[in-house]
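Asker: Take this structure, written in structure tokens, and hold onto it; I'll ask about it next.
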Amino acid sequence: MDPSPHPLSQFVLKMHSRCDLACDHCYVFEHADQSWRGRPKVISGAVLDLTAKRIAEHARTHRLDTVHVVLHGGEPLLAGPAKLRRAAEGLRTALADICALDLRIHTNGVTLDEKFCELFAELDIKVGISLDGDRAANDLHRRYRNGRSSHAQVLRAIALLNQERYRHLFAGLLCTIDLRNDPGTGYDALAELAPPRIDFLLPHATWDEPPPRPADRPSGTEYGDWLLSVHDRWTAAGRPMDVRVLDSVLRTLRGSGSLTESLGLAPVELAVIETDGSLEQADSLKTAYDGAPATGMSVVANSLDEMAAHPGIVARQQGLDGLCDTCRACPVVRSCGGGLYAHRYRTEGRSGGFMNPSVFCADLKQLITGIRDREAPRTPMPQPLLDDVHLDALASGFGGSDAVALLARHELTVNRELLAAVWHETPHSPAGTAAWDMLTALDAEAPASVDAVLAHPYLRPWAQRSLRGDEEAGRIAMRGVAELAAATLLRAGRVGAVTVPTDSGILRLPTLGTLAVGGAEEAHVIGSGDDGFTVRVGGHEHVLGPKHSAQQAWQARRRFEMPGWAVALEDTDPWRDIHGHPAAARLSDAAAEEWRSGLAGAWEWIRRELPAYAPGLAAGLSVVTPLRENSSGADVSSAARDAFGAVAIARPGTPVTLACLLVHEFQHVKLGAVLDLTDLYDPSCERLFYAPWRPDPRPLEGLLQGTYAHIAVVDYWRARRRTEDGVEARAAEVQFARWREQTAEAVDTLAASRALTELGERFVTAMGETLASRLTDPLSPDALAEARRAAADHRRSTAS
Ligand code: SF4
């Protein structure tokens, strides 16, 4: 038989099949499987030898680094020191030249004494102890056959393990949850014993034998809530020890592997060797039905490769493919993995067997989403640093694609943090919660799509409005979360559905478009996994997408692809109207076509005449928002500090003018992002400064922004002077002459302000160097004189 693609590396070796306690929640003796009755009490030397040989063979074949063996029972200490020594020495000898051996023993601890501890120290056997909390909690189940408490004996064993000589052997405590025990008291009782790790185990249950819950109106999430209380206590205490179930959730939420077979999608690599040498599946299956863990194999007759290929083992090595449809579509499946295999079991009906969600499904969801929501604000996103090279490139007035991409990454980080803040500060509606779950699941599965939506320039105005804390904020927040989730689902091309509140009269799908929905209160956005999608709203069904005929109610955001740059024309998102000038209404197809042609011409000109600006612009300018034209015919353009990646412009008469407005406004976008990352000036400076391009004096940041933007204006006129003829060339020369001098003077004003930080001085010095190189261009005396007259007139006009 071919070896399994997933070799076995974890073994539970049953040393003794009886126990000196009579715990009523024990799956070995008290659950459906009663196979223990027919087994030898103690494992034989021959079975131990064969076991060591089989494990060594398997480890060699599969080149395992480490094999994990737990000496188990019943109660393994009942096997006695000699048998435990033989087991340990046999395994260590067999594996000596093959791989490492992680050897442990799980005991109830009641007979653990110094003799055993000395043996474990000699053979390097780590010790895990079962304890369910304080005495009252432990006495609920863990008693002797005569009903006597075992608590004092267990504490004595733990005290022994906490002695300096044995402390390194102490592996941790195992606690089975009983809802009658207070989670805080239970956690405190265990934490007081200073274990290096605590395992909280869900009680074994199936759909046939569901776990106990309060008789009076059970919520169905009691076990999840219980563990969340422990999480909060543990976190408040600074997480002084590992808590395996909680650490596993945290790890899986971050994309790492689980530490327990009861969570996550990692293949199960565990086999059990009974006292008679039988090879069985996990003990937890004993809870399902009599004989459930049996495989019909044994170390006598079968190799571990054969065991690994057993259908019961292979079934638990299939990741998502091994789960039922409900789990596969579940937003937390990568953390949950459908829960412990045994907990999925149901005898009856179409779903008989293990292809079901866990009987703890609601608890697991509650636990995972609860931890995820608590963790979001604790987990800092990696902060890209603006290093000297990028800072200097931006300070010179340009900044290539690397520098601007770095700014974009930081702005995305800010958006993500804002979204998390919105979520954590807003009461959750059921639809909002479902949408959030969808969004976080997509973040694990399709992060590029989530980033594309969260980088939308108009996310921040929505988030800021949502955080205002007034009556409207909660509604706006939950609507926005659902909008983001729906847009991400569609961009990711996933199958699924999101319910989006539409109380504003439109369904907004950020980065995609809007759908007019009349008075409907909510819309169901259904992704079908291809280019199209369906919106069910107010009794209508809209099938939308590039392959479907246009519908008047749907206003798709238009996107223009040009050589080296792609940009969206944003004329649908209601949050775009933040630029200090009214946003244009939805454009007709003809007007959009004029924009497309204007942008193509402007981009071509920028690439040819202002090549130093092109790479940064292509890397960071993703949206152009059309503004309403000014009745005076003057050019209108704007960049908003809270909309990284967007500029707003009323379409000017020529592509060349559009080029000027694009580079000018994108300078503001770049500098705004630099200011989000660095401190360039003292914000307490309240002085106002003369700004050559404004009728009114400006605060320091305004002057800095204008000066930085005018570096691009200087270069624009410099290029126009070069590319125009006749009168146009002469006018461009005058503009160039004026702006190079006045922008250089503004740099001097900034430098003399005494309000720049050290970094700010460096930044402004680099701006000045760029301008200084423009000041050496030869100019006609006439043009220079005319420019200086215009500058003097402006200064006089602002002084009066
Ligand atoms: S939470 Fe429930 S549906 Fe989701 S993976 Fe776990 S058991 Fe399956």
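If you're wondering about the labels, chains in the structure tokens are A, B, ... by order shown, residues count from 1 in each chain, ligands from 1 in order shown.
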Going by DSSP on the backbone, which residues of range 9-253 of chain A come out as strand (DSSP E or B)? List them as a count of residues only.

Answerer: 43

Asker: Please list as a list in words every residue within 9 Å of range 783-791 of chain A, counting only C-alpha atoms and excluding residues in the same chain fewer than 2 positions away.

Answerer: Pro692, Arg730, Ala731, Glu733, Val734, Gln735, Phe736, Ala737, Arg738, Trp739, Glu741, Gln742, Leu779, Ser780, Pro781, Asp793, His794, Arg795 and Arg796 of chain A

Asker: Provide the CA of Leu386 in chain A to CA of Gly768 in chain A distance in Å, to one decimal place.

Answerer: 20.3 Å

Asker: Excluding same-chain residues fewer than 2 positions from Thr654 in chain A, what lies within 12 Å of it counting only C-alpha atoms, as an NGL selection string?

Answerer: :A and (594-595 or 597-602 or 605 or 635 or 650-652 or 656-661)

Asker: Just the selected residues (all heavy atoms), exported as a tab-separated table (two decimals), in the first residue's frame, please.

Answerer:
```
chain	number	residue	atom	x	y	z
A	594	GLU	N	-15.68	62.10	-23.13
A	594	GLU	CA	-14.81	63.30	-23.20
A	594	GLU	C	-13.74	63.25	-22.11
A	594	GLU	O	-12.59	63.61	-22.32
A	594	GLU	CB	-15.67	64.57	-23.07
A	594	GLU	CG	-16.45	64.86	-24.34
A	594	GLU	CD	-17.41	66.03	-24.19
A	594	GLU	OE1	-17.56	66.55	-23.05
A	594	GLU	OE2	-18.03	66.40	-25.19
A	595	TRP	N	-14.14	62.78	-20.95
A	595	TRP	CA	-13.16	62.61	-19.86
A	595	TRP	C	-12.10	61.59	-20.26
A	595	TRP	O	-10.91	61.79	-20.03
A	595	TRP	CB	-13.86	62.15	-18.58
A	595	TRP	CG	-14.23	63.26	-17.66
A	595	TRP	CD1	-15.46	63.81	-17.48
A	595	TRP	CD2	-13.35	63.98	-16.80
A	595	TRP	NE1	-15.42	64.82	-16.56
A	595	TRP	CE2	-14.13	64.95	-16.12
A	595	TRP	CE3	-11.98	63.92	-16.53
A	595	TRP	CZ2	-13.58	65.83	-15.18
A	595	TRP	CZ3	-11.45	64.80	-15.60
A	595	TRP	CH2	-12.23	65.75	-14.94
A	597	SER	N	-11.08	60.69	-23.14
A	597	SER	CA	-10.16	61.22	-24.14
A	597	SER	C	-9.26	62.30	-23.54
A	597	SER	O	-8.06	62.37	-23.82
A	597	SER	CB	-11.01	61.70	-25.31
A	597	SER	OG	-10.56	62.86	-25.82
A	598	GLY	N	-9.82	63.15	-22.65
A	598	GLY	CA	-9.02	64.19	-22.01
A	598	GLY	C	-7.93	63.59	-21.12
A	598	GLY	O	-6.77	64.03	-21.13
A	599	LEU	N	-8.30	62.56	-20.35
A	599	LEU	CA	-7.32	61.94	-19.47
A	599	LEU	C	-6.22	61.23	-20.26
A	599	LEU	O	-5.04	61.28	-19.89
A	599	LEU	CB	-8.01	60.93	-18.54
A	599	LEU	CG	-8.82	61.57	-17.39
A	599	LEU	CD1	-9.75	60.55	-16.75
A	599	LEU	CD2	-7.88	62.17	-16.33
A	600	ALA	N	-6.63	60.62	-21.38
A	600	ALA	CA	-5.62	59.93	-22.21
A	600	ALA	C	-4.63	60.95	-22.76
A	600	ALA	O	-3.41	60.73	-22.75
A	600	ALA	CB	-6.31	59.16	-23.34
A	601	GLY	N	-5.16	62.09	-23.22
A	601	GLY	CA	-4.27	63.13	-23.76
A	601	GLY	C	-3.37	63.72	-22.68
A	601	GLY	O	-2.17	63.95	-22.89
A	602	ALA	N	-3.96	63.96	-21.50
A	602	ALA	CA	-3.19	64.54	-20.40
A	602	ALA	C	-2.07	63.58	-19.97
A	602	ALA	O	-0.93	63.99	-19.73
A	602	ALA	CB	-4.12	64.83	-19.22
A	605	TRP	N	0.75	63.49	-22.35
A	605	TRP	CA	1.57	64.72	-22.22
A	605	TRP	C	2.47	64.64	-20.99
A	605	TRP	O	3.65	65.00	-21.03
A	605	TRP	CB	0.62	65.93	-22.16
A	605	TRP	CG	1.33	67.24	-22.38
A	605	TRP	CD1	1.58	67.83	-23.59
A	605	TRP	CD2	1.90	68.10	-21.37
A	605	TRP	NE1	2.26	69.01	-23.41
A	605	TRP	CE2	2.47	69.21	-22.05
A	605	TRP	CE3	1.98	68.06	-20.00
A	605	TRP	CZ2	3.10	70.25	-21.39
A	605	TRP	CZ3	2.62	69.10	-19.33
A	605	TRP	CH2	3.17	70.18	-20.02
A	635	ASP	N	-10.58	77.44	-14.03
A	635	ASP	CA	-10.29	76.04	-13.70
A	635	ASP	C	-10.60	75.78	-12.23
A	635	ASP	O	-10.30	76.60	-11.36
A	635	ASP	CB	-8.80	75.74	-13.96
A	635	ASP	CG	-8.47	75.77	-15.45
A	635	ASP	OD1	-9.38	75.47	-16.24
A	635	ASP	OD2	-7.32	76.09	-15.79
A	650	ALA	N	-12.87	69.90	-12.31
A	650	ALA	CA	-13.88	70.22	-13.33
A	650	ALA	C	-13.15	70.14	-14.67
A	650	ALA	O	-12.10	70.79	-14.83
A	650	ALA	CB	-14.45	71.61	-13.09
A	651	ARG	N	-13.69	69.37	-15.59
A	651	ARG	CA	-12.92	69.07	-16.80
A	651	ARG	C	-12.58	70.37	-17.54
A	651	ARG	O	-13.48	71.13	-17.93
A	651	ARG	CB	-13.70	68.13	-17.72
A	651	ARG	CG	-12.82	67.53	-18.85
A	651	ARG	CD	-13.58	66.47	-19.60
A	651	ARG	NE	-14.74	67.02	-20.27
A	651	ARG	CZ	-14.71	67.68	-21.43
A	651	ARG	NH1	-13.58	67.87	-22.06
A	651	ARG	NH2	-15.82	68.15	-21.95
A	652	PRO	N	-11.27	70.66	-17.71
A	652	PRO	CA	-10.88	71.90	-18.39
A	652	PRO	C	-10.97	71.73	-19.91
A	652	PRO	O	-11.25	70.64	-20.41
A	652	PRO	CB	-9.43	72.07	-17.94
A	652	PRO	CG	-8.94	70.67	-17.72
A	652	PRO	CD	-10.12	69.85	-17.31
A	656	VAL	N	-3.92	69.41	-22.03
A	656	VAL	CA	-2.69	69.92	-21.44
A	656	VAL	C	-3.00	70.64	-20.11
A	656	VAL	O	-2.27	70.50	-19.12
A	656	VAL	CB	-1.96	70.85	-22.44
A	656	VAL	CG1	-0.72	71.45	-21.79
A	656	VAL	CG2	-1.59	70.08	-23.69
A	657	THR	N	-4.09	71.39	-20.09
A	657	THR	CA	-4.49	72.02	-18.82
A	657	THR	C	-4.85	70.94	-17.80
A	657	THR	O	-4.53	71.04	-16.61
A	657	THR	CB	-5.68	72.97	-19.04
A	657	THR	OG1	-5.32	73.90	-20.06
A	657	THR	CG2	-6.03	73.72	-17.77
A	658	LEU	N	-5.53	69.91	-18.29
A	658	LEU	CA	-5.87	68.80	-17.38
A	658	LEU	C	-4.59	68.18	-16.80
A	658	LEU	O	-4.54	67.83	-15.62
A	658	LEU	CB	-6.70	67.74	-18.14
A	658	LEU	CG	-7.15	66.52	-17.33
A	658	LEU	CD1	-7.94	66.93	-16.08
A	658	LEU	CD2	-8.00	65.59	-18.20
A	659	ALA	N	-3.56	68.09	-17.62
A	659	ALA	CA	-2.28	67.55	-17.14
A	659	ALA	C	-1.76	68.40	-15.98
A	659	ALA	O	-1.28	67.88	-14.95
A	659	ALA	CB	-1.26	67.51	-18.27
A	660	CYS	N	-1.85	69.73	-16.13
A	660	CYS	CA	-1.39	70.63	-15.07
A	660	CYS	C	-2.18	70.39	-13.78
A	660	CYS	O	-1.61	70.28	-12.70
A	660	CYS	CB	-1.55	72.08	-15.53
A	660	CYS	SG	-1.06	73.26	-14.26
A	661	LEU	N	-3.51	70.30	-13.92
A	661	LEU	CA	-4.34	70.12	-12.73
A	661	LEU	C	-4.06	68.77	-12.07
A	661	LEU	O	-4.04	68.66	-10.84
A	661	LEU	CB	-5.82	70.24	-13.11
A	661	LEU	CG	-6.22	71.59	-13.72
A	661	LEU	CD1	-7.69	71.59	-14.11
A	661	LEU	CD2	-5.93	72.74	-12.76
```

Asker: Smallest atom-to-atom distance to ligand 1: which of A:Pro611, A:Gly224, A:Gly545, A:Gly760, using only C-alpha atoms and all ligand atoms?

Answerer: A:Gly224

Asker: Got a sec: who's within 10 Å of Cys685 in chain A, counting only C-alpha atoms, leaving out chain neighbours fewer than 3 positions off, as a ChimeraX atom specification?

Answerer: /A:681-682,688,699-701,753-756

Asker: Any chance you could export the current selection's N, CA, C and O atoms as a compact mmCIF listing (two decimals), in the first residue's frame?

Answerer:
```txt
# COMPACT_ATOMS: atom_id res chain seq x y z
N TYR A 681 6.41 69.83 10.67
CA TYR A 681 6.34 71.17 11.26
C TYR A 681 5.66 71.10 12.63
O TYR A 681 5.05 70.09 12.98
N ASP A 682 5.80 72.19 13.34
CA ASP A 682 5.22 72.27 14.68
C ASP A 682 3.73 72.63 14.55
O ASP A 682 3.40 73.74 14.12
N LEU A 688 0.33 83.14 10.35
CA LEU A 688 -0.11 83.08 8.96
C LEU A 688 0.99 83.66 8.08
O LEU A 688 1.70 84.58 8.50
N PRO A 699 -1.91 79.40 6.91
CA PRO A 699 -1.16 78.76 8.00
C PRO A 699 0.01 77.97 7.44
O PRO A 699 0.08 77.74 6.22
N LEU A 700 0.88 77.53 8.32
CA LEU A 700 2.12 76.91 7.85
C LEU A 700 1.86 75.69 6.95
O LEU A 700 2.48 75.54 5.90
N GLU A 701 0.93 74.81 7.37
CA GLU A 701 0.70 73.62 6.53
C GLU A 701 0.16 74.01 5.16
O GLU A 701 0.54 73.44 4.13
N SER A 753 10.68 80.05 8.95
CA SER A 753 9.52 80.07 9.87
C SER A 753 9.89 79.66 11.29
O SER A 753 9.15 79.92 12.23
N ARG A 754 10.98 78.98 11.46
CA ARG A 754 11.41 78.42 12.75
C ARG A 754 10.33 77.48 13.31
O ARG A 754 10.30 77.21 14.50
N ALA A 755 9.47 77.00 12.45
CA ALA A 755 8.41 76.08 12.92
C ALA A 755 8.54 74.72 12.26
O ALA A 755 7.65 73.88 12.40
N LEU A 756 9.64 74.51 11.53
CA LEU A 756 9.83 73.20 10.91
C LEU A 756 10.56 72.28 11.87
O LEU A 756 11.43 72.73 12.64
```

Asker: Please identify every polymer residue within 9 Å of ligand 1, using only C-alpha atoms and all ligand atoms, and present the set as JSON, numbers by chain.

Answerer: {"A": [263, 264, 323, 324, 325, 326, 327, 328, 329, 330, 331, 332, 333, 334, 335, 336, 337, 338, 339, 340, 343, 344, 356, 357, 358, 359, 360, 361, 362, 363, 364, 365, 366, 368]}

Asker: For range 102-115 of chain A, please output as a ChimeraX atom specification all residues within 10 Å (counting only C-alpha atoms; exclusion window: fewer than 6 positions along the same chain).

Answerer: /A:10-13,15,19-21,66-78,81,84,88,91-92,121,123-131,142,144,150-158,160-161,166,169-174

Asker: When you count only C-alpha atoms, which of these residues is closest to His16 in chain A: A:Ile43, A:Leu50, A:Ala751, A:Ala205?

Answerer: A:Ile43

Asker: Which is closest to Ala746 in chain A among A:Lys14, A:His424, A:Arg465, A:Arg698, if we use only C-alpha atoms?

Answerer: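 Nearest to Ala746 in chain A: A:Arg698.
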
Asker: To one decimal place in Å, what is the distance between CA of His310 in chain A and CA of Ala292 in chain A?

Answerer: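 About the pair CA of His310 in chain A and CA of Ala292 in chain A: they are 13.1 Å apart.
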
Asker: Could you tell me how far CA of Lys41 in chain A lies from CA of Ser298 in chain A, in Å and to one decimal?

Answerer: 16.9 Å

Asker: Neighbouring residues of Ala709 in chain A were defined as those with any atom within 7 Å, considering only C-alpha atoms; residues of the same chain fewer than 3 positions away were excluded. Please report them as a PDB file with C-alpha atoms, in the first residue's frame.

Answerer:
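To be explicit, this is the file written out as selection.pdb:
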```pdb
ATOM      1  CA  HIS A 664      -0.647  69.940  -9.207  1.00  0.00           C
ATOM      2  CA  GLU A 665      -3.385  68.192  -7.203  1.00  0.00           C
ATOM      3  CA  GLN A 667       1.332  66.903  -5.232  1.00  0.00           C
ATOM      4  CA  HIS A 668      -1.178  67.672  -2.459  1.00  0.00           C
ATOM      5  CA  GLN A 705       1.150  72.319   0.673  1.00  0.00           C
ATOM      6  CA  GLY A 706       0.920  75.180  -1.815  1.00  0.00           C
ATOM      7  CA  ALA A 712       4.837  70.873 -10.260  1.00  0.00           C
ATOM      8  CA  VAL A 713       3.299  74.120 -11.547  1.00  0.00           C
TER       9      VAL A 713
END
```

Asker: I'd like the contact shell of range 433-441 of chain A - 10 Å cut-off, only C-alpha atoms, skipping same-chain residues fewer than 2 positions apart - returned as a PyMOL selection string.

Answerer: chain A and resi 253+330-335+365+369+372-373+423+427-431+443-447+450+478-489+496-500

Asker: Could you check the closest approach to Thr93 in chain A for each of A:Ile55, A:Ile506, A:Leu64, A:Ala408 and tell me which residue wins, using only C-alpha atoms?

Answerer: A:Ile55

Asker: DSSP on the backbone: what in range 330-364 of chain A comes out helix (DSSP H, G or I), as a PyMOL selection string?

Answerer: chain A and resi 333-336+341-344+361-364

Asker: I'd like to know which of A:Ala159, A:Leu680, A:Ala96, A:Val535 is closest to Leu193 in chain A, using only C-alpha atoms.

Answerer: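 Counting only C-alpha atoms, the residue closest to Leu193 in chain A is A:Ala159.
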
Asker: Point out the residue among A:Glu306, A:Asp531, A:Asp642, A:Asp49 with the least atom-to-atom distance to Trp462 in chain A, counting only C-alpha atoms.

Answerer: A:Asp642
